[in-house]
Amino acid sequence: MCDPAVVEYLSDLLTNFVHVDNIYALRSARGRRLEEVAEMLTEAFVGPDLPPAQRNRIVHKHIGDYTLFWTGVYPENLRYLRAPDKKDHLIDYLAQGKRSYAIASELTEEGAHPPRVLFRRLSDNFEFCAYGLGLVRKGWEELDPHSFRATRQILS
């Protein structure tokens, strides 16, 4: 994909998600870390002073990022994230990611950063972006297979 804005966004996503606290950045009103998309959709609390549209934009942007990260970089963990005992059991991460980026696009005001057109591209090209993130992972594995194997064991 030859879209510098999308490539830059995905690079920033990977850099941001290096720290696990950023993967699970959304919290409930009581401060509990939200680890499932179903919870993010229903319980995310981003502050009492935000207008509903801005809150929804933040939540849907994060859900798009979260589902894209897991779908593209660690798809084997989806079996855990969507296990029968999880609230996300019936959530299709691919469809939800596309949907969340589309909603974020609609809720993004003109002149905002990132721009609404970027979220629309992420929605329209979600599968391709996930594939690209998978290629990045493959590159990491080829660079240092031993340390990457250790990282996968920690996540499993």
# chains A, B, ... in the order shown; residues from 1 in each chain; ligands from 1
>>> closest_atom_pairs(of="region 50-84 of chain A", to="region 89-107 of chain A", cutoff="6 Å", atoms="only C-alpha atoms", output="JSON lines")
{"residue": "A:Arg57", "atom": "CA", "partner": "A:Ala104", "partner_atom": "CA", "distance": 4.7}
{"residue": "A:His60", "atom": "CA", "partner": "A:Ser100", "partner_atom": "CA", "distance": 4.7}
{"residue": "A:Lys61", "atom": "CA", "partner": "A:Ala104", "partner_atom": "CA", "distance": 5.6}
{"residue": "A:Gly64", "atom": "CA", "partner": "A:Gly97", "partner_atom": "CA", "distance": 4.3}
{"residue": "A:Thr67", "atom": "CA", "partner": "A:Gly97", "partner_atom": "CA", "distance": 5.4}
{"residue": "A:Arg82", "atom": "CA", "partner": "A:His89", "partner_atom": "CA", "distance": 4.2}
{"residue": "A:Ala83", "atom": "CA", "partner": "A:His89", "partner_atom": "CA", "distance": 5.5}
{"residue": "A:Pro84", "atom": "CA", "partner": "A:His89", "partner_atom": "CA", "distance": 5.4}
>>> closest_atom_pairs(of="region 8-45 of chain A", to="region 127-148 of chain A", cutoff="10 Å", atoms="only C-alpha atoms", output="CSV")
residue,atom,partner,partner_atom,distance
A:Leu10,CA,A:Leu133,CA,7.9
A:Ser11,CA,A:Leu133,CA,9.2
A:Leu14,CA,A:Leu133,CA,8.7
>>> write_last_selection(atoms="N, CA, C and O atoms", output="PDB file, in the first residue's frame")
ATOM      1  N   LEU A  10       0.283   3.356  10.966  1.00  0.00           N
ATOM      2  CA  LEU A  10       0.552   1.994  11.426  1.00  0.00           C
ATOM      3  C   LEU A  10       1.882   1.917  12.170  1.00  0.00           C
ATOM      4  O   LEU A  10       1.992   1.197  13.171  1.00  0.00           O
ATOM      5  N   SER A  11       2.867   2.672  11.722  1.00  0.00           N
ATOM      6  CA  SER A  11       4.151   2.723  12.440  1.00  0.00           C
ATOM      7  C   SER A  11       3.956   3.299  13.833  1.00  0.00           C
ATOM      8  O   SER A  11       4.497   2.775  14.814  1.00  0.00           O
ATOM      9  N   LEU A  14       2.229   0.705  16.096  1.00  0.00           N
ATOM     10  CA  LEU A  14       3.154  -0.302  16.617  1.00  0.00           C
ATOM     11  C   LEU A  14       4.046   0.274  17.710  1.00  0.00           C
ATOM     12  O   LEU A  14       4.282  -0.371  18.731  1.00  0.00           O
TER      13      LEU A  14
END
>>> atom_distance(atom1="CA of Asp88 (chain A)", atom2="CA of Leu41 (chain A)")
10.8 Å
>>> atom_distance(atom1="CA of Tyr80 (chain A)", atom2="CA of Gly31 (chain A)")
23.6 Å
>>> residues_around(residues="Arg55 (chain A)", least_positions_apart="4", cutoff="12 Å", atoms="only C-alpha atoms", output="VMD selection string")
chain A and resid 26 40 to 51 59 to 62 103 to 104 107 to 108
>>> atom_distance(atom1="CA of Ser123 (chain A)", atom2="CA of Val73 (chain A)")
17.1 Å
>>> select_by_dssp(residues="region 7-144 of chain A", states="alpha helix (DSSP H)", output="PyMOL selection string")
chain A and resi 7-16+20-23+37-43+52-72+78-81+93-107+116-124+126-143
>>> closest_residue(among="A:Leu68, A:Lys86, A:Pro75, A:Pro114", to="Phe126 (chain A)", atoms="only C-alpha atoms")
A:Leu68
